[in-house]
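What follows is the content of my_file17.cif, which has mmCIF, C-alpha atoms and all ligand atoms:
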```cif
data_run
loop_
_atom_site.label_atom_id
_atom_site.label_comp_id
_atom_site.auth_asym_id
_atom_site.auth_seq_id
_atom_site.Cartn_x
_atom_site.Cartn_y
_atom_site.Cartn_z
CA MET A 1 -29.16 -49.51 26.15
CA SER A 2 -27.00 -52.57 25.40
CA GLU A 3 -23.35 -51.88 24.67
CA PHE A 4 -21.78 -52.81 21.37
CA PHE A 5 -18.16 -51.98 22.24
CA SER A 6 -18.38 -53.85 25.54
CA ASP A 7 -14.64 -54.67 25.57
CA VAL A 8 -13.87 -51.00 26.08
CA SER A 9 -15.46 -49.80 29.28
CA ALA A 10 -14.32 -46.45 30.61
CA PRO A 11 -13.75 -43.38 28.42
CA ILE A 12 -10.21 -43.52 27.03
CA ALA A 13 -7.99 -41.71 29.54
CA TYR A 14 -4.81 -39.66 29.19
CA GLU A 15 -1.98 -41.56 30.89
CA GLY A 16 1.08 -39.76 29.49
CA PRO A 17 4.00 -40.75 27.21
CA THR A 18 5.30 -43.51 29.47
CA SER A 19 2.04 -45.47 29.50
CA ASP A 20 2.04 -48.91 27.87
CA ASN A 21 -1.72 -49.17 27.89
CA PRO A 22 -2.67 -49.38 24.17
CA LEU A 23 -6.09 -47.93 24.91
CA ALA A 24 -4.86 -44.82 26.73
CA PHE A 25 -3.71 -41.50 25.29
CA ARG A 26 -0.02 -40.77 25.59
CA TRP A 27 -0.20 -37.26 24.08
CA TYR A 28 -3.83 -36.20 23.79
CA ASP A 29 -4.48 -34.48 27.09
CA LYS A 30 -7.58 -32.56 26.14
CA ASN A 31 -7.35 -29.87 28.81
CA ARG A 32 -3.64 -29.13 28.30
CA GLN A 33 -3.12 -25.55 27.09
CA VAL A 34 -1.26 -25.12 23.81
CA MET A 35 -0.83 -21.62 22.42
CA GLY A 36 -3.72 -20.18 24.36
CA ARG A 37 -6.30 -22.90 23.79
CA SER A 38 -6.87 -26.36 25.16
CA MET A 39 -5.78 -29.30 23.01
CA GLU A 40 -9.43 -30.16 22.56
CA GLU A 41 -10.14 -26.68 21.16
CA GLN A 42 -7.04 -26.63 18.96
CA LEU A 43 -7.60 -30.05 17.43
CA ARG A 44 -11.43 -30.23 17.30
CA PHE A 45 -11.47 -33.98 16.55
CA ALA A 46 -14.35 -35.58 14.69
CA VAL A 47 -15.14 -39.21 13.86
CA CYS A 48 -16.71 -39.98 10.48
CA TYR A 49 -19.95 -41.90 10.46
CA TRP A 50 -19.58 -43.55 7.06
CA HIS A 51 -16.35 -45.56 7.09
CA SER A 52 -16.61 -46.25 10.82
CA PHE A 53 -20.21 -47.47 11.04
CA ASN A 54 -21.70 -47.75 7.58
CA TRP A 55 -18.96 -49.55 5.69
CA PRO A 56 -18.97 -53.34 5.98
CA GLY A 57 -15.31 -53.71 4.97
CA ASN A 58 -15.97 -54.66 1.37
CA ASP A 59 -13.65 -53.77 -1.51
CA VAL A 60 -13.93 -54.30 -5.26
CA PHE A 61 -12.64 -57.87 -4.87
CA GLY A 62 -14.50 -59.02 -1.81
CA GLU A 63 -17.47 -58.64 0.47
CA GLY A 64 -17.66 -57.10 3.91
CA THR A 65 -15.45 -58.49 6.67
CA PHE A 66 -16.50 -56.33 9.64
CA ASP A 67 -18.77 -57.09 12.55
CA ARG A 68 -21.50 -54.51 11.90
CA PRO A 69 -24.75 -56.29 12.78
CA TRP A 70 -26.95 -53.28 11.89
CA LEU A 71 -25.94 -53.65 8.22
CA ALA A 72 -27.65 -57.07 7.87
CA ALA A 73 -30.09 -57.12 4.95
CA ASP A 74 -33.12 -58.57 6.76
CA LEU A 75 -33.56 -55.82 9.39
CA ASP A 76 -36.15 -53.07 9.50
CA PRO A 77 -34.19 -50.18 7.94
CA ILE A 78 -35.15 -47.55 10.51
CA GLU A 79 -34.53 -49.82 13.50
CA ALA A 80 -31.19 -50.83 11.98
CA ALA A 81 -30.24 -47.17 11.47
CA LYS A 82 -31.08 -46.49 15.12
CA ALA A 83 -28.95 -49.43 16.28
CA LYS A 84 -26.10 -48.08 14.15
CA MET A 85 -26.50 -44.66 15.77
CA ASP A 86 -26.56 -46.14 19.28
CA ALA A 87 -23.24 -47.86 18.58
CA ALA A 88 -21.82 -44.70 16.99
CA PHE A 89 -22.61 -42.52 20.01
CA GLU A 90 -21.29 -45.20 22.34
CA PHE A 91 -18.04 -45.03 20.35
CA PHE A 92 -17.85 -41.21 20.27
CA THR A 93 -18.31 -40.95 24.03
CA LYS A 94 -15.94 -43.78 24.94
CA LEU A 95 -13.29 -42.30 22.67
CA GLY A 96 -13.96 -38.80 24.02
CA VAL A 97 -14.21 -36.83 20.76
CA PRO A 98 -16.20 -33.60 20.69
CA TYR A 99 -17.55 -34.00 17.12
CA PHE A 100 -18.76 -36.36 14.40
CA SER A 101 -19.49 -35.86 10.70
CA PHE A 102 -22.10 -37.58 8.54
CA HIS A 103 -23.59 -38.05 5.09
CA ASP A 104 -27.39 -38.04 4.94
CA ARG A 105 -27.37 -41.57 3.54
CA ASP A 106 -25.18 -43.03 6.28
CA VAL A 107 -27.45 -41.91 9.08
CA ALA A 108 -30.70 -42.84 7.34
CA PRO A 109 -31.56 -45.27 4.55
CA GLU A 110 -32.58 -44.04 1.13
CA GLY A 111 -36.35 -44.62 0.63
CA GLU A 112 -38.33 -45.76 -2.43
CA THR A 113 -39.08 -42.12 -3.25
CA PHE A 114 -37.35 -38.83 -2.50
CA ALA A 115 -40.17 -37.98 -0.08
CA GLN A 116 -39.56 -41.19 1.83
CA SER A 117 -35.80 -40.53 1.93
CA CYS A 118 -36.56 -37.13 3.49
CA GLU A 119 -38.86 -38.72 6.07
CA ASN A 120 -36.25 -41.33 6.95
CA LEU A 121 -33.62 -38.67 7.42
CA ASP A 122 -35.90 -36.56 9.61
CA ILE A 123 -36.57 -39.54 11.90
CA LEU A 124 -32.86 -40.22 12.35
CA ILE A 125 -32.01 -36.54 12.75
CA ASP A 126 -34.50 -36.39 15.63
CA TYR A 127 -32.82 -39.44 17.07
CA ALA A 128 -29.38 -37.88 16.65
CA ALA A 129 -30.58 -34.71 18.40
CA GLU A 130 -31.54 -36.85 21.44
CA HIS A 131 -28.14 -38.57 21.49
CA MET A 132 -26.37 -35.23 21.12
CA ALA A 133 -28.34 -33.65 23.96
CA ARG A 134 -27.56 -36.66 26.16
CA THR A 135 -23.82 -36.87 25.37
CA GLY A 136 -22.77 -33.34 24.38
CA VAL A 137 -21.21 -34.65 21.15
CA LYS A 138 -21.61 -32.10 18.31
CA VAL A 139 -21.65 -32.08 14.51
CA LEU A 140 -18.47 -30.82 12.81
CA TRP A 141 -20.09 -31.14 9.40
CA GLY A 142 -22.88 -32.71 7.45
CA THR A 143 -22.86 -33.55 3.75
CA ALA A 144 -25.17 -35.03 1.14
CA GLN A 145 -24.12 -38.32 -0.41
CA LEU A 146 -24.28 -37.58 -4.14
CA PHE A 147 -22.23 -40.41 -5.60
CA TRP A 148 -23.57 -43.87 -4.69
CA GLN A 149 -26.98 -44.03 -6.30
CA PRO A 150 -26.88 -44.91 -10.05
CA ARG A 151 -28.64 -41.63 -10.95
CA PHE A 152 -25.37 -39.87 -10.05
CA ALA A 153 -23.17 -42.02 -12.29
CA ALA A 154 -22.47 -39.04 -14.59
CA GLY A 155 -22.24 -36.52 -11.75
CA ALA A 156 -24.69 -34.60 -9.57
CA ALA A 157 -24.53 -30.83 -10.27
CA THR A 158 -22.42 -31.52 -13.38
CA ASN A 159 -24.75 -34.17 -14.80
CA PRO A 160 -25.71 -33.84 -18.48
CA ASN A 161 -29.35 -34.26 -17.39
CA PRO A 162 -30.84 -31.25 -15.54
CA ASP A 163 -33.27 -33.54 -13.68
CA VAL A 164 -30.28 -35.02 -11.86
CA PHE A 165 -29.16 -31.47 -10.98
CA LEU A 166 -32.64 -30.87 -9.54
CA HIS A 167 -32.47 -34.06 -7.54
CA ALA A 168 -29.04 -33.21 -6.17
CA ALA A 169 -30.16 -29.69 -5.26
CA ALA A 170 -33.23 -31.06 -3.47
CA GLN A 171 -31.10 -33.52 -1.53
CA VAL A 172 -28.56 -30.86 -0.55
CA LYS A 173 -31.33 -28.51 0.61
CA HIS A 174 -32.73 -31.21 2.87
CA CYS A 175 -29.30 -32.16 4.19
CA MET A 176 -28.41 -28.51 4.88
CA ASP A 177 -31.64 -28.24 6.88
CA ALA A 178 -30.67 -31.37 8.84
CA THR A 179 -27.15 -30.07 9.49
CA HIS A 180 -28.52 -26.71 10.59
CA ARG A 181 -31.05 -28.35 12.87
CA LEU A 182 -28.20 -30.22 14.61
CA ASN A 183 -26.18 -26.97 14.89
CA GLY A 184 -23.52 -28.37 12.57
CA GLU A 185 -20.47 -26.12 12.40
CA ASN A 186 -19.90 -26.65 8.66
CA TYR A 187 -21.54 -28.06 5.58
CA VAL A 188 -19.21 -29.94 3.18
CA LEU A 189 -19.45 -30.66 -0.55
CA TRP A 190 -17.18 -33.33 -1.91
CA GLY A 191 -17.76 -33.64 -5.66
CA GLY A 192 -16.82 -37.26 -6.07
CA ARG A 193 -18.43 -37.56 -9.49
CA GLU A 194 -18.24 -33.89 -10.44
CA GLY A 195 -15.72 -34.54 -13.16
CA TYR A 196 -15.44 -36.68 -16.26
CA GLU A 197 -14.42 -40.11 -17.49
CA THR A 198 -13.70 -39.01 -21.08
CA LEU A 199 -13.70 -35.57 -22.65
CA LEU A 200 -15.24 -37.13 -25.76
CA ASN A 201 -18.68 -37.16 -24.10
CA THR A 202 -18.22 -34.06 -21.94
CA ARG A 203 -18.99 -30.35 -22.32
CA MET A 204 -16.45 -29.19 -19.77
CA GLY A 205 -17.31 -25.49 -19.88
CA GLN A 206 -21.00 -26.21 -19.49
CA GLU A 207 -20.39 -28.55 -16.53
CA LEU A 208 -18.27 -25.94 -14.75
CA ASP A 209 -21.10 -23.41 -15.19
CA GLN A 210 -23.53 -25.94 -13.72
CA LEU A 211 -21.29 -26.45 -10.69
CA GLY A 212 -20.87 -22.69 -10.28
CA ARG A 213 -24.65 -22.22 -10.36
CA PHE A 214 -25.21 -25.08 -7.93
CA LEU A 215 -22.78 -23.66 -5.38
CA ASN A 216 -24.28 -20.20 -5.69
CA MET A 217 -27.65 -21.77 -4.84
CA VAL A 218 -26.08 -23.48 -1.80
CA VAL A 219 -24.60 -20.21 -0.56
CA GLN A 220 -27.87 -18.34 -1.16
CA TYR A 221 -29.75 -20.99 0.82
CA LYS A 222 -27.24 -20.87 3.66
CA HIS A 223 -28.03 -17.17 4.07
CA ASP A 224 -31.79 -17.72 3.65
CA ILE A 225 -31.91 -20.12 6.59
CA GLY A 226 -29.38 -18.23 8.72
CA PHE A 227 -26.84 -21.06 8.79
CA GLU A 228 -23.71 -19.51 10.25
CA GLY A 229 -21.35 -22.42 9.73
CA GLY A 230 -18.77 -22.73 6.99
CA ILE A 231 -19.52 -24.01 3.49
CA LEU A 232 -16.56 -26.15 2.46
CA ILE A 233 -15.52 -27.81 -0.79
CA GLU A 234 -13.33 -30.89 -0.37
CA PRO A 235 -10.79 -30.96 -3.22
CA LYS A 236 -9.71 -34.27 -4.74
CA PRO A 237 -7.99 -34.76 -8.11
CA GLN A 238 -9.59 -38.04 -9.18
CA GLU A 239 -11.27 -41.22 -7.95
CA PRO A 240 -13.93 -42.25 -8.66
CA THR A 241 -13.81 -40.07 -11.80
CA LYS A 242 -10.72 -39.88 -14.02
CA HIS A 243 -10.62 -36.14 -13.45
CA GLN A 244 -12.43 -34.21 -10.73
CA TYR A 245 -13.05 -30.46 -11.23
CA ASP A 246 -12.19 -29.60 -7.59
CA TYR A 247 -8.65 -30.83 -8.23
CA ASP A 248 -6.75 -29.11 -5.41
CA SER A 249 -6.86 -25.94 -3.31
CA ALA A 250 -5.43 -23.71 -6.04
CA THR A 251 -7.90 -24.99 -8.63
CA VAL A 252 -10.79 -24.55 -6.21
CA TYR A 253 -9.72 -20.98 -5.50
CA GLY A 254 -9.67 -20.16 -9.21
CA PHE A 255 -13.09 -21.72 -9.60
CA LEU A 256 -14.52 -19.80 -6.63
CA LYS A 257 -13.14 -16.52 -8.01
CA ARG A 258 -14.65 -17.20 -11.40
CA TYR A 259 -18.11 -17.80 -9.94
CA GLY A 260 -17.94 -15.02 -7.33
CA LEU A 261 -17.77 -17.37 -4.34
CA GLU A 262 -14.30 -16.75 -2.90
CA ASP A 263 -15.64 -14.99 0.18
CA GLU A 264 -18.32 -17.60 0.82
CA ILE A 265 -16.70 -21.00 0.44
CA LYS A 266 -13.53 -22.47 1.93
CA VAL A 267 -11.82 -25.83 1.55
CA ASN A 268 -11.78 -29.04 3.54
CA ILE A 269 -8.33 -30.47 2.81
CA GLU A 270 -7.81 -34.22 3.02
CA VAL A 271 -4.24 -35.38 3.61
CA ASN A 272 -4.32 -38.11 1.02
CA HIS A 273 -6.23 -36.03 -1.54
CA ALA A 274 -3.25 -33.66 -1.32
CA THR A 275 -0.90 -36.58 -1.99
CA LEU A 276 -3.02 -37.78 -4.91
CA SER A 277 -2.90 -34.32 -6.49
CA GLY A 278 0.89 -34.38 -6.36
CA HIS A 279 1.23 -32.05 -3.37
CA ASP A 280 2.34 -32.35 0.21
CA PHE A 281 -0.34 -31.96 2.88
CA ASN A 282 1.31 -28.80 4.22
CA HIS A 283 1.39 -27.32 0.72
CA GLU A 284 -2.38 -27.62 0.40
CA ILE A 285 -2.89 -25.89 3.73
CA ALA A 286 -0.42 -23.11 2.95
CA GLN A 287 -2.01 -22.62 -0.48
CA ALA A 288 -5.51 -22.39 0.96
CA ALA A 289 -4.38 -20.09 3.77
CA ALA A 290 -2.60 -17.81 1.27
CA CYS A 291 -5.89 -17.47 -0.64
CA GLY A 292 -7.96 -17.02 2.53
CA ILE A 293 -9.94 -20.22 2.01
CA PHE A 294 -8.54 -22.61 4.61
CA GLY A 295 -11.43 -24.32 6.43
CA SER A 296 -11.01 -27.82 7.79
CA VAL A 297 -9.02 -31.07 7.44
CA ASP A 298 -9.78 -34.72 6.78
CA ALA A 299 -6.78 -36.21 8.57
CA ASN A 300 -6.54 -39.55 6.77
CA ARG A 301 -3.38 -40.43 4.89
CA GLY A 302 -2.54 -42.53 1.84
CA ASP A 303 0.11 -45.16 1.21
CA ASP A 304 3.23 -44.20 -0.74
CA ARG A 305 2.95 -47.32 -2.85
CA LEU A 306 -0.75 -47.07 -3.70
CA GLY A 307 -2.28 -44.53 -6.03
CA TRP A 308 -5.76 -44.44 -4.54
CA ASP A 309 -7.55 -43.10 -1.49
CA THR A 310 -6.59 -45.68 1.15
CA ASP A 311 -7.99 -43.51 3.99
CA GLN A 312 -5.51 -44.76 6.59
CA PHE A 313 -5.17 -43.39 10.10
CA PRO A 314 -2.42 -40.76 10.30
CA ASN A 315 0.74 -42.18 11.90
CA SER A 316 3.57 -39.87 10.93
CA VAL A 317 4.29 -37.12 13.43
CA GLU A 318 6.69 -35.51 10.99
CA GLN A 319 4.12 -35.26 8.17
CA MET A 320 1.38 -34.05 10.47
CA SER A 321 3.59 -31.57 12.36
CA LEU A 322 4.37 -29.78 9.11
CA GLY A 323 0.64 -29.53 8.38
CA VAL A 324 -0.31 -28.40 11.88
CA TYR A 325 2.50 -25.84 11.71
CA GLU A 326 0.84 -24.24 8.66
CA ILE A 327 -2.54 -24.34 10.40
CA LEU A 328 -1.19 -22.58 13.49
CA ARG A 329 0.59 -20.00 11.34
CA ALA A 330 -2.75 -19.35 9.67
CA GLY A 331 -4.30 -18.71 13.09
CA GLY A 332 -5.66 -22.19 13.88
CA PHE A 333 -9.09 -23.62 13.18
CA THR A 334 -12.20 -21.48 13.31
CA THR A 335 -15.20 -23.61 12.30
CA GLY A 336 -13.06 -26.52 11.08
CA GLY A 337 -11.28 -29.36 12.83
CA PHE A 338 -9.46 -32.63 12.30
CA MET A 339 -11.96 -35.13 10.97
CA PHE A 340 -10.93 -38.77 10.69
CA ASP A 341 -12.26 -39.81 7.27
CA THR A 342 -10.41 -43.02 8.03
CA LYS A 343 -10.97 -46.65 7.19
CA LEU A 344 -9.76 -49.65 9.11
CA ARG A 345 -7.85 -52.15 7.01
CA ARG A 346 -10.19 -54.88 5.85
CA GLN A 347 -8.53 -57.44 8.10
CA SER A 348 -9.03 -55.30 11.21
CA MET A 349 -12.25 -56.99 12.17
CA ALA A 350 -12.10 -57.01 15.97
CA ARG A 351 -14.50 -54.52 17.54
CA ASP A 352 -11.76 -52.68 19.40
CA ASP A 353 -9.71 -52.10 16.21
CA LEU A 354 -11.76 -48.96 15.63
CA PHE A 355 -10.51 -47.67 18.99
CA HIS A 356 -6.88 -48.52 18.29
CA GLY A 357 -7.05 -46.65 14.97
CA HIS A 358 -8.52 -43.51 16.49
CA VAL A 359 -6.49 -43.49 19.72
CA GLY A 360 -3.23 -43.73 17.77
CA ALA A 361 -4.35 -41.07 15.30
CA MET A 362 -5.41 -38.65 18.03
CA ASP A 363 -2.07 -39.11 19.75
CA VAL A 364 -0.19 -38.46 16.49
CA MET A 365 -2.17 -35.26 15.96
CA ALA A 366 -1.71 -34.16 19.58
CA LYS A 367 2.04 -34.70 19.46
CA SER A 368 2.15 -32.91 16.11
CA LEU A 369 0.36 -29.98 17.68
CA LEU A 370 3.00 -29.81 20.40
CA VAL A 371 5.80 -29.95 17.81
CA ALA A 372 4.20 -27.23 15.68
CA ALA A 373 3.59 -25.03 18.72
CA LYS A 374 7.20 -25.51 19.80
CA LEU A 375 8.47 -24.49 16.37
CA ILE A 376 6.42 -21.32 16.61
CA GLU A 377 7.22 -20.55 20.22
CA ASP A 378 10.96 -21.16 19.80
CA GLY A 379 10.81 -18.50 17.10
CA GLU A 380 13.87 -19.67 15.15
CA LEU A 381 12.00 -20.39 11.94
CA GLU A 382 10.23 -17.05 12.15
CA ALA A 383 13.55 -15.28 12.71
CA ILE A 384 14.97 -16.90 9.58
CA LEU A 385 11.92 -15.75 7.61
CA THR A 386 12.17 -12.23 8.96
CA GLU A 387 15.76 -12.01 7.84
CA ARG A 388 15.07 -13.65 4.49
CA TYR A 389 12.25 -11.27 3.57
CA ALA A 390 13.67 -8.16 5.26
CA GLY A 391 13.89 -6.33 1.94
CA TRP A 392 10.17 -6.72 1.37
CA ASP A 393 9.46 -5.31 4.81
CA ALA A 394 11.56 -2.24 4.03
CA ASP A 395 10.63 0.81 1.95
CA GLN A 396 11.65 -0.37 -1.49
CA GLY A 397 9.89 -3.72 -1.16
CA ARG A 398 6.70 -2.10 0.11
CA ASN A 399 6.80 0.44 -2.68
CA ILE A 400 7.06 -2.30 -5.33
CA LEU A 401 4.14 -4.23 -3.86
CA ALA A 402 2.02 -1.11 -3.56
CA GLY A 403 2.40 -0.58 -7.31
CA GLY A 404 4.88 2.29 -7.03
CA LEU A 405 7.13 1.10 -9.87
CA SER A 406 6.57 0.20 -13.52
CA LEU A 407 8.67 -2.25 -15.48
CA SER A 408 10.56 0.71 -17.00
CA ASP A 409 11.13 2.22 -13.55
CA CYS A 410 12.79 -1.06 -12.51
CA HIS A 411 14.95 -0.93 -15.63
CA GLU A 412 16.02 2.61 -14.88
CA LEU A 413 16.70 1.93 -11.23
CA VAL A 414 18.89 -1.10 -11.85
CA LEU A 415 20.90 0.83 -14.43
CA ALA A 416 21.22 3.99 -12.35
CA GLN A 417 22.16 2.29 -9.06
CA ASN A 418 23.96 -0.71 -10.56
CA ILE A 419 21.82 -3.00 -8.40
CA ASP A 420 23.65 -6.31 -8.08
CA PRO A 421 22.07 -8.56 -5.41
CA ALA A 422 24.16 -11.41 -3.99
CA PRO A 423 22.37 -14.74 -3.40
CA SER A 424 22.09 -15.89 0.21
CA SER A 425 21.60 -19.27 1.86
CA GLY A 426 18.07 -20.67 2.12
CA ARG A 427 19.20 -22.62 5.23
CA GLN A 428 17.11 -25.67 4.32
CA GLU A 429 19.22 -28.31 6.08
CA LEU A 430 19.45 -26.24 9.23
CA ILE A 431 15.70 -25.68 9.18
CA GLU A 432 14.88 -29.35 8.66
CA ASN A 433 17.12 -30.20 11.59
CA LEU A 434 15.15 -27.76 13.73
CA VAL A 435 11.99 -29.71 12.96
CA ASN A 436 13.59 -32.97 13.99
CA ARG A 437 14.92 -31.37 17.15
CA ALA A 438 11.43 -30.19 18.05
CA ILE A 439 10.08 -33.71 17.47
CA GLU A 440 12.75 -35.06 19.84
CA ARG A 441 12.21 -32.46 22.52
CA VAL A 442 8.47 -32.14 23.00
CA SER A 443 7.23 -33.62 26.23
C1 LIG B 501 -13.74 -39.26 -0.51
C2 LIG B 501 -14.01 -38.17 0.42
C3 LIG B 501 -15.31 -38.30 1.19
C4 LIG B 501 -15.72 -36.98 1.76
C5 LIG B 501 -17.14 -36.90 2.22
O1 LIG B 501 -12.63 -39.45 -0.98
O2 LIG B 501 -12.92 -38.06 1.28
O3 LIG B 501 -15.22 -39.29 2.18
O4 LIG B 501 -14.90 -36.61 2.84
O5 LIG B 501 -18.04 -37.09 1.19
NI NI B 502 -11.11 -39.13 0.54
NI NI B 503 -12.87 -36.81 2.99
#
```
Just give me the structure of the file as structure tokens.
Ligand code: XLS
Ligand code: NI
Ligand code: NI
Amino acid sequence: MSEFFSDVSAPIAYEGPTSDNPLAFRWYDKNRQVMGRSMEEQLRFAVCYWHSFNWPGNDVFGEGTFDRPWLAADLDPIEAAKAKMDAAFEFFTKLGVPYFSFHDRDVAPEGETFAQSCENLDILIDYAAEHMARTGVKVLWGTAQLFWQPRFAAGAATNPNPDVFLHAAAQVKHCMDATHRLNGENYVLWGGREGYETLLNTRMGQELDQLGRFLNMVVQYKHDIGFEGGILIEPKPQEPTKHQYDYDSATVYGFLKRYGLEDEIKVNIEVNHATLSGHDFNHEIAQAAACGIFGSVDANRGDDRLGWDTDQFPNSVEQMSLGVYEILRAGGFTTGGFMFDTKLRRQSMARDDLFHGHVGAMDVMAKSLLVAAKLIEDGELEAILTERYAGWDADQGRNILAGGLSLSDCHELVLAQNIDPAPSSGRQELIENLVNRAIERVS
């Protein structure tokens, strides 16, 4: 098989923090043990198929800039899709990631008919199974692409036309089968067009019911075929629609409760989707964990100056450490992982740029894992929490939470005992300094 990334020969190696080799890991040492698991098991890295191999580098003002020969228009579509997959698996193995994630339409071309699209996907799924058996690379998640084709302009499950709902359901069924066949560990639904452009042409209540029904069908089918992976919704507040129904983790939880799905579906949190919804990344994780729906992460960040999904590689240890800290506090990943839903900048057109993006991002996540583990193992933050919430761990606090007091009981108690609590310090500056100290001290 001819190599596409021929400038990068050996698998990327761990060389330690003092290495100056730009294509070596300085922090990601996959076998290093961190809180009882190897770094590889804690971080569960995945590369995304779409931005990395199926995106030519176009934007709304200009055409593709990248060197992706398999995207040329005059090729046989199946042969081109196979060449794309060969390059993708070459990349996964040279980078040394355990997982990848895909949309049905990135791995195989859409056909003239739905039947032909299914056939195309089946051919490429067989091909992927061969590559996976050869390399040991696994599927973190699969997903159906329900936003590109003009039929989905007004949404997929939330479309005003039930025939589009049928089409979307058929496509998801086939993609769930494909994901299951490849032993995917999760199935993701990102509702890019499940929202509205203007309320003036939208029956919001009806569309929410459609989405609720659709997701119940997905969950039912998961059980029918014995798929044991997670079903994950990826929240995003807007883009491409003005308003997306899966706005953020809290909104998704309310939605899942309403449609009886809170024990069946979790969330895939994307760093920059959190930012776009007006939250910090760690907030979204903590919110999901508090509701018992934390699933997985798309680890791509935004740009403070830009209000859209720039999908940049993560490069802030501080931002990521705070997120990983919440993940570790929630017990770490189960079926999820850190998926790089990342795009190169349009000017990054050298073949090895894709390596530089991922190597740097993996190092940022690995160092963040060490910082977060240190914060937990040092125990100072936990000690501050224990002291701060001590009253709730004692009898009176437990009694209140267990429903032992009414509003009138509280009234009586405060009067009778002249309860007069004094405020105490939240210790924020001290705590923030502890985070910086951990960043300085990990090695
Ligand atoms: C878009 C989403 C998308 C999903 C997969 O903003 O992040 O890439 O992760 O459909
Ligand atoms: Ni996104
Ligand atoms: Ni994403």
Residues near Gln347 in chain A, cut-off 12 Å, all atoms listed in the file, skip fewer than 5 positions along chain, as a PDB file with C-alpha atoms, in the frame of the given file:
```pdb
ATOM      1  CA  PRO A  56     -18.970 -53.340   5.980  1.00  0.00           C
ATOM      2  CA  GLY A  57     -15.310 -53.710   4.970  1.00  0.00           C
ATOM      3  CA  ASN A  58     -15.970 -54.660   1.370  1.00  0.00           C
ATOM      4  CA  ASP A  59     -13.650 -53.770  -1.510  1.00  0.00           C
ATOM      5  CA  GLY A  62     -14.500 -59.020  -1.810  1.00  0.00           C
ATOM      6  CA  GLU A  63     -17.470 -58.640   0.470  1.00  0.00           C
ATOM      7  CA  GLY A  64     -17.660 -57.100   3.910  1.00  0.00           C
ATOM      8  CA  THR A  65     -15.450 -58.490   6.670  1.00  0.00           C
ATOM      9  CA  PHE A  66     -16.500 -56.330   9.640  1.00  0.00           C
ATOM     10  CA  ASP A  67     -18.770 -57.090  12.550  1.00  0.00           C
ATOM     11  CA  ASP A 353      -9.710 -52.100  16.210  1.00  0.00           C
ATOM     12  CA  LEU A 354     -11.760 -48.960  15.630  1.00  0.00           C
TER      13      LEU A 354
END
```
Note to self: Residues near range 422-437 of chain A, anyone? I mean within 10 Å using only C-alpha atoms, not counting same-chain ones fewer than 3 positions away, as number ranges by chain.
What the structure shows: A: 318, 321-322, 371-372, 374-375, 378, 380-381, 384-385, 388, 419, 440-442
Checklist line | Top pick for closest residue to ligand NI 502 (chain B), considering A:Gln396, A:Ser406, A:Thr335, A:Gln312 and counting only C-alpha atoms and all ligand atoms | finding: A:Gln312
Next item on the list: Using CA of Ala366 in chain A and CA of Asp29 in chain A as the two end points, give the distance in Å to one decimal.
Entry: 8.0 Å
Residues of chain A within 12 Å of ligand NI 502 (chain B): nearest atom pair and distance (Å, one decimal) for each, counting only C-alpha atoms and all ligand atoms, sorted by chain and number, as a Markdown table?
```
| residue | atom | partner | partner_atom | distance |
| --- | --- | --- | --- | --- |
| A:Cys48 | CA | B:NI502 | NI | 11.4 |
| A:Trp50 | CA | B:NI502 | NI | 11.6 |
| A:His51 | CA | B:NI502 | NI | 10.6 |
| A:Leu189 | CA | B:NI502 | NI | 11.9 |
| A:Trp190 | CA | B:NI502 | NI | 8.7 |
| A:Gly191 | CA | B:NI502 | NI | 10.6 |
| A:Gly192 | CA | B:NI502 | NI | 8.9 |
| A:Glu234 | CA | B:NI502 | NI | 8.6 |
| A:Pro235 | CA | B:NI502 | NI | 9.0 |
| A:Lys236 | CA | B:NI502 | NI | 7.3 |
| A:Pro237 | CA | B:NI502 | NI | 10.2 |
| A:Gln238 | CA | B:NI502 | NI | 9.9 |
| A:Glu239 | CA | B:NI502 | NI | 8.7 |
| A:Pro240 | CA | B:NI502 | NI | 10.1 |
| A:Asn268 | CA | B:NI502 | NI | 10.5 |
| A:Ile269 | CA | B:NI502 | NI | 9.4 |
| A:Glu270 | CA | B:NI502 | NI | 6.4 |
| A:Val271 | CA | B:NI502 | NI | 8.4 |
| A:Asn272 | CA | B:NI502 | NI | 6.9 |
| A:His273 | CA | B:NI502 | NI | 6.1 |
| A:Ala274 | CA | B:NI502 | NI | 9.8 |
| A:Thr275 | CA | B:NI502 | NI | 10.8 |
| A:Leu276 | CA | B:NI502 | NI | 9.8 |
| A:Ser277 | CA | B:NI502 | NI | 11.8 |
| A:Val297 | CA | B:NI502 | NI | 10.8 |
| A:Asp298 | CA | B:NI502 | NI | 7.8 |
| A:Ala299 | CA | B:NI502 | NI | 9.6 |
| A:Asn300 | CA | B:NI502 | NI | 7.7 |
| A:Arg301 | CA | B:NI502 | NI | 9.0 |
| A:Gly302 | CA | B:NI502 | NI | 9.3 |
| A:Trp308 | CA | B:NI502 | NI | 9.1 |
| A:Asp309 | CA | B:NI502 | NI | 5.7 |
| A:Thr310 | CA | B:NI502 | NI | 8.0 |
| A:Asp311 | CA | B:NI502 | NI | 6.4 |
| A:Gln312 | CA | B:NI502 | NI | 10.0 |
| A:Met339 | CA | B:NI502 | NI | 11.2 |
| A:Phe340 | CA | B:NI502 | NI | 10.2 |
| A:Asp341 | CA | B:NI502 | NI | 6.9 |
| A:Thr342 | CA | B:NI502 | NI | 8.5 |
| A:Lys343 | CA | B:NI502 | NI | 10.0 |
```
Item checked: Exercise: Val172 in chain A partners within 9 Å, all atoms listed in the file, chain neighbours under 3 positions left out, as a PyMOL selection string -> chain A and resi 143-146+167-169+175-177+218
